>>> print(open('target.pdb').read())   # PDB, N, CA and C atoms
ATOM      1  N   MET Z   1      10.076 -37.792  71.052
ATOM      2  CA  MET Z   1       9.312 -36.844  71.817
ATOM      3  C   MET Z   1       9.338 -35.484  71.112
ATOM      4  N   ARG Z   2       8.184 -34.881  70.964
ATOM      5  CA  ARG Z   2       8.049 -33.594  70.277
ATOM      6  C   ARG Z   2       8.391 -32.463  71.241
ATOM      7  N   LYS Z   3       9.259 -31.563  70.779
ATOM      8  CA  LYS Z   3       9.693 -30.451  71.613
ATOM      9  C   LYS Z   3       9.654 -29.168  70.785
ATOM     10  N   THR Z   4       8.882 -28.175  71.240
ATOM     11  CA  THR Z   4       8.828 -26.890  70.568
ATOM     12  C   THR Z   4      10.003 -26.054  71.050
ATOM     13  N   LEU Z   5      10.885 -25.687  70.125
ATOM     14  CA  LEU Z   5      12.087 -24.944  70.469
ATOM     15  C   LEU Z   5      11.853 -23.437  70.497
ATOM     16  N   LEU Z   6      10.980 -22.946  69.596
ATOM     17  CA  LEU Z   6      10.758 -21.507  69.488
ATOM     18  C   LEU Z   6       9.425 -21.262  68.795
ATOM     19  N   THR Z   7       8.684 -20.277  69.264
ATOM     20  CA  THR Z   7       7.436 -19.879  68.625
ATOM     21  C   THR Z   7       7.469 -18.376  68.416
ATOM     22  N   VAL Z   8       7.097 -17.928  67.195
ATOM     23  CA  VAL Z   8       7.085 -16.516  66.847
ATOM     24  C   VAL Z   8       5.725 -16.189  66.247
ATOM     25  N   THR Z   9       5.174 -15.017  66.621
ATOM     26  CA  THR Z   9       3.927 -14.544  66.036
ATOM     27  C   THR Z   9       4.213 -13.249  65.282
ATOM     28  N   VAL Z  10       3.850 -13.231  63.979
ATOM     29  CA  VAL Z  10       4.073 -12.068  63.128
ATOM     30  C   VAL Z  10       2.783 -11.790  62.367
ATOM     31  N   ASN Z  11       2.226 -10.594  62.543
ATOM     32  CA  ASN Z  11       1.008 -10.183  61.823
ATOM     33  C   ASN Z  11      -0.121 -11.207  61.926
ATOM     34  N   GLY Z  12      -0.316 -11.817  63.071
ATOM     35  CA  GLY Z  12      -1.382 -12.797  63.254
ATOM     36  C   GLY Z  12      -1.030 -14.192  62.775
ATOM     37  N   ASN Z  13       0.157 -14.373  62.233
ATOM     38  CA  ASN Z  13       0.635 -15.689  61.810
ATOM     39  C   ASN Z  13       1.537 -16.253  62.902
ATOM     40  N   GLU Z  14       1.371 -17.531  63.195
ATOM     41  CA  GLU Z  14       2.190 -18.166  64.212
ATOM     42  C   GLU Z  14       3.107 -19.187  63.557
ATOM     43  N   ILE Z  15       4.400 -19.122  63.884
ATOM     44  CA  ILE Z  15       5.396 -20.032  63.336
ATOM     45  C   ILE Z  15       6.117 -20.681  64.506
ATOM     46  N   ALA Z  16       6.205 -22.016  64.481
ATOM     47  CA  ALA Z  16       6.883 -22.742  65.551
ATOM     48  C   ALA Z  16       8.009 -23.583  64.970
ATOM     49  N   PHE Z  17       9.126 -23.597  65.664
ATOM     50  CA  PHE Z  17      10.296 -24.403  65.311
ATOM     51  C   PHE Z  17      10.272 -25.601  66.244
ATOM     52  N   VAL Z  18      10.081 -26.803  65.672
ATOM     53  CA  VAL Z  18       9.820 -28.002  66.461
ATOM     54  C   VAL Z  18      10.850 -29.085  66.126
ATOM     55  N   LYS Z  19      11.275 -29.812  67.172
ATOM     56  CA  LYS Z  19      12.145 -30.970  66.977
ATOM     57  C   LYS Z  19      11.368 -32.196  67.433
ATOM     58  N   ASP Z  20      11.283 -33.198  66.551
ATOM     59  CA  ASP Z  20      10.549 -34.424  66.859
ATOM     60  C   ASP Z  20      11.343 -35.615  66.340
ATOM     61  N   GLN Z  21      11.739 -36.490  67.216
ATOM     62  CA  GLN Z  21      12.487 -37.706  66.894
ATOM     63  C   GLN Z  21      13.729 -37.415  66.052
ATOM     64  N   GLY Z  22      14.448 -36.341  66.414
ATOM     65  CA  GLY Z  22      15.697 -36.018  65.741
ATOM     66  C   GLY Z  22      15.558 -35.225  64.455
ATOM     67  N   HIS Z  23      14.338 -34.925  64.028
ATOM     68  CA  HIS Z  23      14.101 -34.142  62.816
ATOM     69  C   HIS Z  23      13.515 -32.790  63.195
ATOM     70  N   TYR Z  24      13.750 -31.797  62.352
ATOM     71  CA  TYR Z  24      13.248 -30.446  62.597
ATOM     72  C   TYR Z  24      12.059 -30.162  61.685
ATOM     73  N   PHE Z  25      11.075 -29.421  62.220
ATOM     74  CA  PHE Z  25       9.866 -29.084  61.491
ATOM     75  C   PHE Z  25       9.514 -27.621  61.721
ATOM     76  N   ILE Z  26       8.808 -27.041  60.753
ATOM     77  CA  ILE Z  26       8.209 -25.719  60.914
ATOM     78  C   ILE Z  26       6.702 -25.931  60.905
ATOM     79  N   HIS Z  27       6.042 -25.474  61.971
ATOM     80  CA  HIS Z  27       4.577 -25.505  62.058
ATOM     81  C   HIS Z  27       4.121 -24.064  61.889
ATOM     82  N   TRP Z  28       3.223 -23.815  60.923
ATOM     83  CA  TRP Z  28       2.778 -22.439  60.745
ATOM     84  C   TRP Z  28       1.338 -22.357  60.305
ATOM     85  N   GLY Z  29       0.756 -21.196  60.524
ATOM     86  CA  GLY Z  29      -0.625 -20.938  60.174
ATOM     87  C   GLY Z  29      -1.146 -19.765  60.974
ATOM     88  N   GLU Z  30      -2.468 -19.618  60.996
ATOM     89  CA  GLU Z  30      -3.076 -18.548  61.778
ATOM     90  C   GLU Z  30      -2.825 -18.778  63.258
ATOM     91  N   GLN Z  31      -2.761 -17.704  63.997
ATOM     92  CA  GLN Z  31      -2.501 -17.806  65.426
ATOM     93  C   GLN Z  31      -3.647 -18.554  66.107
ATOM     94  N   GLY Z  32      -3.305 -19.638  66.828
ATOM     95  CA  GLY Z  32      -4.290 -20.417  67.559
ATOM     96  C   GLY Z  32      -5.107 -21.383  66.718
ATOM     97  N   LYS Z  33      -4.828 -21.505  65.442
ATOM     98  CA  LYS Z  33      -5.567 -22.395  64.533
ATOM     99  C   LYS Z  33      -4.670 -23.562  64.132
ATOM    100  N   PRO Z  34      -5.254 -24.606  63.544
ATOM    101  CA  PRO Z  34      -4.417 -25.714  63.052
ATOM    102  C   PRO Z  34      -3.365 -25.204  62.072
ATOM    103  N   ARG Z  35      -2.237 -25.869  62.065
ATOM    104  CA  ARG Z  35      -1.093 -25.402  61.298
ATOM    105  C   ARG Z  35      -0.699 -26.365  60.191
ATOM    106  N   ALA Z  36      -0.029 -25.796  59.206
ATOM    107  CA  ALA Z  36       0.635 -26.615  58.197
ATOM    108  C   ALA Z  36       1.976 -27.026  58.781
ATOM    109  N   VAL Z  37       2.479 -28.178  58.383
ATOM    110  CA  VAL Z  37       3.746 -28.683  58.902
ATOM    111  C   VAL Z  37       4.687 -28.919  57.730
ATOM    112  N   LYS Z  38       5.908 -28.401  57.865
ATOM    113  CA  LYS Z  38       6.935 -28.617  56.847
ATOM    114  C   LYS Z  38       8.161 -29.210  57.512
ATOM    115  N   LYS Z  39       8.583 -30.354  57.009
ATOM    116  CA  LYS Z  39       9.807 -30.981  57.506
ATOM    117  C   LYS Z  39      10.993 -30.271  56.873
ATOM    118  N   ILE Z  40      11.970 -29.911  57.688
ATOM    119  CA  ILE Z  40      13.158 -29.218  57.196
ATOM    120  C   ILE Z  40      14.189 -30.264  56.772
ATOM    121  N   THR Z  41      14.621 -30.163  55.514
ATOM    122  CA  THR Z  41      15.634 -31.070  54.976
ATOM    123  C   THR Z  41      16.655 -30.274  54.172
ATOM    124  N   THR Z  42      17.749 -30.922  53.839
ATOM    125  CA  THR Z  42      18.728 -30.317  52.941
ATOM    126  C   THR Z  42      18.189 -30.451  51.517
ATOM    127  N   PRO Z  43      18.804 -29.795  50.538
ATOM    128  CA  PRO Z  43      18.345 -29.945  49.148
ATOM    129  C   PRO Z  43      18.353 -31.399  48.654
ATOM    130  N   THR Z  44      19.205 -32.242  49.233
ATOM    131  CA  THR Z  44      19.254 -33.641  48.816
ATOM    132  C   THR Z  44      18.314 -34.526  49.636
ATOM    133  N   GLY Z  45      17.577 -33.929  50.588
ATOM    134  CA  GLY Z  45      16.599 -34.687  51.358
ATOM    135  C   GLY Z  45      17.098 -35.248  52.676
ATOM    136  N   ARG Z  46      18.306 -34.884  53.066
ATOM    137  CA  ARG Z  46      18.866 -35.392  54.324
ATOM    138  C   ARG Z  46      18.509 -34.492  55.499
ATOM    139  N   LYS Z  47      18.778 -34.993  56.686
ATOM    140  CA  LYS Z  47      18.536 -34.231  57.904
ATOM    141  C   LYS Z  47      19.608 -33.144  58.032
ATOM    142  N   PRO Z  48      19.199 -31.870  58.211
ATOM    143  CA  PRO Z  48      20.177 -30.791  58.304
ATOM    144  C   PRO Z  48      20.772 -30.674  59.706
ATOM    145  N   SER Z  49      21.842 -29.908  59.820
ATOM    146  CA  SER Z  49      22.400 -29.596  61.133
ATOM    147  C   SER Z  49      21.455 -28.633  61.843
ATOM    148  N   GLN Z  50      21.648 -28.455  63.129
ATOM    149  CA  GLN Z  50      20.789 -27.550  63.885
ATOM    150  C   GLN Z  50      20.923 -26.118  63.368
ATOM    151  N   ASN Z  51      22.136 -25.689  63.051
ATOM    152  CA  ASN Z  51      22.341 -24.332  62.527
ATOM    153  C   ASN Z  51      21.626 -24.123  61.195
ATOM    154  N   SER Z  52      21.714 -25.092  60.309
ATOM    155  CA  SER Z  52      21.054 -25.002  59.010
ATOM    156  C   SER Z  52      19.531 -24.969  59.178
ATOM    157  N   ALA Z  53      19.007 -25.800  60.054
ATOM    158  CA  ALA Z  53      17.561 -25.829  60.306
ATOM    159  C   ALA Z  53      17.107 -24.500  60.905
ATOM    160  N   HIS Z  54      17.902 -23.940  61.794
ATOM    161  CA  HIS Z  54      17.561 -22.661  62.414
ATOM    162  C   HIS Z  54      17.545 -21.545  61.365
ATOM    163  N   LYS Z  55      18.485 -21.557  60.429
ATOM    164  CA  LYS Z  55      18.512 -20.562  59.361
ATOM    165  C   LYS Z  55      17.259 -20.655  58.496
ATOM    166  N   GLN Z  56      16.820 -21.876  58.182
ATOM    167  CA  GLN Z  56      15.610 -22.051  57.385
ATOM    168  C   GLN Z  56      14.389 -21.544  58.142
ATOM    169  N   PHE Z  57      14.368 -21.754  59.463
ATOM    170  CA  PHE Z  57      13.265 -21.242  60.277
ATOM    171  C   PHE Z  57      13.237 -19.717  60.226
ATOM    172  N   LEU Z  58      14.390 -19.075  60.341
ATOM    173  CA  LEU Z  58      14.449 -17.611  60.285
ATOM    174  C   LEU Z  58      13.994 -17.077  58.931
ATOM    175  N   GLU Z  59      14.288 -17.810  57.852
ATOM    176  CA  GLU Z  59      13.795 -17.426  56.523
ATOM    177  C   GLU Z  59      12.269 -17.502  56.477
ATOM    178  N   ALA Z  60      11.693 -18.516  57.116
ATOM    179  CA  ALA Z  60      10.229 -18.651  57.168
ATOM    180  C   ALA Z  60       9.614 -17.496  57.961
ATOM    181  N   VAL Z  61      10.279 -17.079  59.027
ATOM    182  CA  VAL Z  61       9.795 -15.939  59.815
ATOM    183  C   VAL Z  61       9.783 -14.675  58.960
ATOM    184  N   LYS Z  62      10.838 -14.459  58.171
ATOM    185  CA  LYS Z  62      10.884 -13.303  57.272
ATOM    186  C   LYS Z  62       9.753 -13.362  56.244
ATOM    187  N   ALA Z  63       9.481 -14.557  55.728
ATOM    188  CA  ALA Z  63       8.435 -14.717  54.710
ATOM    189  C   ALA Z  63       7.055 -14.406  55.266
ATOM    190  N   THR Z  64       6.827 -14.672  56.534
ATOM    191  CA  THR Z  64       5.498 -14.429  57.105
ATOM    192  C   THR Z  64       5.208 -12.945  57.286
ATOM    193  N   LYS Z  65       6.215 -12.105  57.154
ATOM    194  CA  LYS Z  65       5.958 -10.664  57.181
ATOM    195  C   LYS Z  65       5.177 -10.250  55.943
ATOM    196  N   ILE Z  66       5.287 -11.029  54.873
ATOM    197  CA  ILE Z  66       4.610 -10.761  53.617
ATOM    198  C   ILE Z  66       3.315 -11.586  53.481
ATOM    199  N   LEU Z  67       3.361 -12.855  53.936
ATOM    200  CA  LEU Z  67       2.232 -13.763  53.796
ATOM    201  C   LEU Z  67       1.162 -13.539  54.848
ATOM    202  N   LYS Z  68      -0.079 -13.902  54.522
ATOM    203  CA  LYS Z  68      -1.170 -13.886  55.485
ATOM    204  C   LYS Z  68      -1.923 -15.198  55.359
ATOM    205  N   PHE Z  69      -1.962 -15.987  56.418
ATOM    206  CA  PHE Z  69      -2.671 -17.260  56.408
ATOM    207  C   PHE Z  69      -4.127 -17.022  56.776
ATOM    208  N   SER Z  70      -5.034 -17.665  56.045
ATOM    209  CA  SER Z  70      -6.447 -17.565  56.376
ATOM    210  C   SER Z  70      -7.140 -18.846  55.947
ATOM    211  N   ARG Z  71      -8.239 -19.148  56.599
ATOM    212  CA  ARG Z  71      -9.002 -20.359  56.270
ATOM    213  C   ARG Z  71      -9.786 -20.132  54.989
ATOM    214  N   LEU Z  72      -9.918 -21.194  54.223
ATOM    215  CA  LEU Z  72     -10.707 -21.121  52.982
ATOM    216  C   LEU Z  72     -12.168 -21.346  53.266
TER     217      LEU Z  72
END
>>> encode(input="target.pdb", output="structure tokens")
Amino acid sequence: MRKTLLTVTVNGNEIAFVKDQGHYFIHWGEQGKPRAVKKITTPTGRKPSQNSAHKQFLEAVKATKILKFSRL
């Protein structure tokens, strides 16, 4: 079951921290538009702990202060 844990909007960019079937994902893109999805993994490709996944989400939030998503 897909569960959105946290959603943040920065400069018109929307970032969501999602848990689905035991894995963590970052959904991001323009606010209210379809999003890109990134599965959060460790450097070796394994499922991270909740704390590690949360840290990666916070890094993505910091990055969106610089990035601007727009449709091509």
>>> resolve_selection(input="target.pdb", expression="the PyMOL selection byres ((chain Z and resi 17) around 6.5)", output="ChimeraX atom specification")
/Z:3-8,15-16,18-19,25-27
>>> resolve_selection(input="target.pdb", expression="the PyMOL selection byres (((chain Z and resi 36 and name CA) around 12) and name CA)", output="PyMOL selection string")
chain Z and resi 13-16+25-31+33-35+37-39+69-71
>>> closest_residue(input="target.pdb", among="Z:Lys47, Z:Thr9, Z:Gly32, Z:Tyr24", to="Lys62 in chain Z", atoms="only C-alpha atoms")
Z:Thr9
>>> select_by_dssp(input="target.pdb", residues="chain Z", states="alpha helix (DSSP H)", output="short mmCIF file (atom, residue, chain, number, x, y, z; two decimals) with N, CA and C atoms, in the frame of the given file")
data_model
loop_
_atom_site.label_atom_id
_atom_site.label_comp_id
_atom_site.auth_asym_id
_atom_site.auth_seq_id
_atom_site.Cartn_x
_atom_site.Cartn_y
_atom_site.Cartn_z
N GLN Z 50 21.65 -28.46 63.13
CA GLN Z 50 20.79 -27.55 63.88
C GLN Z 50 20.92 -26.12 63.37
N ASN Z 51 22.14 -25.69 63.05
CA ASN Z 51 22.34 -24.33 62.53
C ASN Z 51 21.63 -24.12 61.20
N SER Z 52 21.71 -25.09 60.31
CA SER Z 52 21.05 -25.00 59.01
C SER Z 52 19.53 -24.97 59.18
N ALA Z 53 19.01 -25.80 60.05
CA ALA Z 53 17.56 -25.83 60.31
C ALA Z 53 17.11 -24.50 60.90
N HIS Z 54 17.90 -23.94 61.79
CA HIS Z 54 17.56 -22.66 62.41
C HIS Z 54 17.55 -21.54 61.36
N LYS Z 55 18.48 -21.56 60.43
CA LYS Z 55 18.51 -20.56 59.36
C LYS Z 55 17.26 -20.66 58.50
N GLN Z 56 16.82 -21.88 58.18
CA GLN Z 56 15.61 -22.05 57.38
C GLN Z 56 14.39 -21.54 58.14
N PHE Z 57 14.37 -21.75 59.46
CA PHE Z 57 13.26 -21.24 60.28
C PHE Z 57 13.24 -19.72 60.23
N LEU Z 58 14.39 -19.08 60.34
CA LEU Z 58 14.45 -17.61 60.28
C LEU Z 58 13.99 -17.08 58.93
N GLU Z 59 14.29 -17.81 57.85
CA GLU Z 59 13.80 -17.43 56.52
C GLU Z 59 12.27 -17.50 56.48
N ALA Z 60 11.69 -18.52 57.12
CA ALA Z 60 10.23 -18.65 57.17
C ALA Z 60 9.61 -17.50 57.96
N VAL Z 61 10.28 -17.08 59.03
CA VAL Z 61 9.80 -15.94 59.82
C VAL Z 61 9.78 -14.68 58.96
N LYS Z 62 10.84 -14.46 58.17
CA LYS Z 62 10.88 -13.30 57.27
C LYS Z 62 9.75 -13.36 56.24
N ALA Z 63 9.48 -14.56 55.73
CA ALA Z 63 8.44 -14.72 54.71
C ALA Z 63 7.06 -14.41 55.27
#
>>> atom_distance(input="target.pdb", atom1="CA of Gly12 in chain Z", atom2="CA of Ala60 in chain Z")
14.4 Å
>>> atom_distance(input="target.pdb", atom1="CA of Leu58 in chain Z", atom2="CA of Val10 in chain Z")
12.1 Å
>>> axis_aligned_box(input="target.pdb", around="range 14-30 of chain Z", padding_each_side="4 Å", output="JSON")
{"center_x": 6.3, "center_y": -27.6, "center_z": 63.8, "size_x": 26.8, "size_y": 28.2, "size_z": 15.3}
>>> atom_distance(input="target.pdb", atom1="atom C of Gln50 in chain Z", atom2="atom N of Ile66 in chain Z")
23.3 Å
>>> select_by_dssp(input="target.pdb", residues="range 14-65 of chain Z", states="strand (DSSP E or B)", output="list in words")
Glu14, Ile15, Ala16, Phe17, Val18, Lys19, Asp20, His23, Tyr24, Phe25, Ile26, His27, Trp28, Gly29, Glu30, Ala36, Val37, Lys38 and Lys39 of chain Z
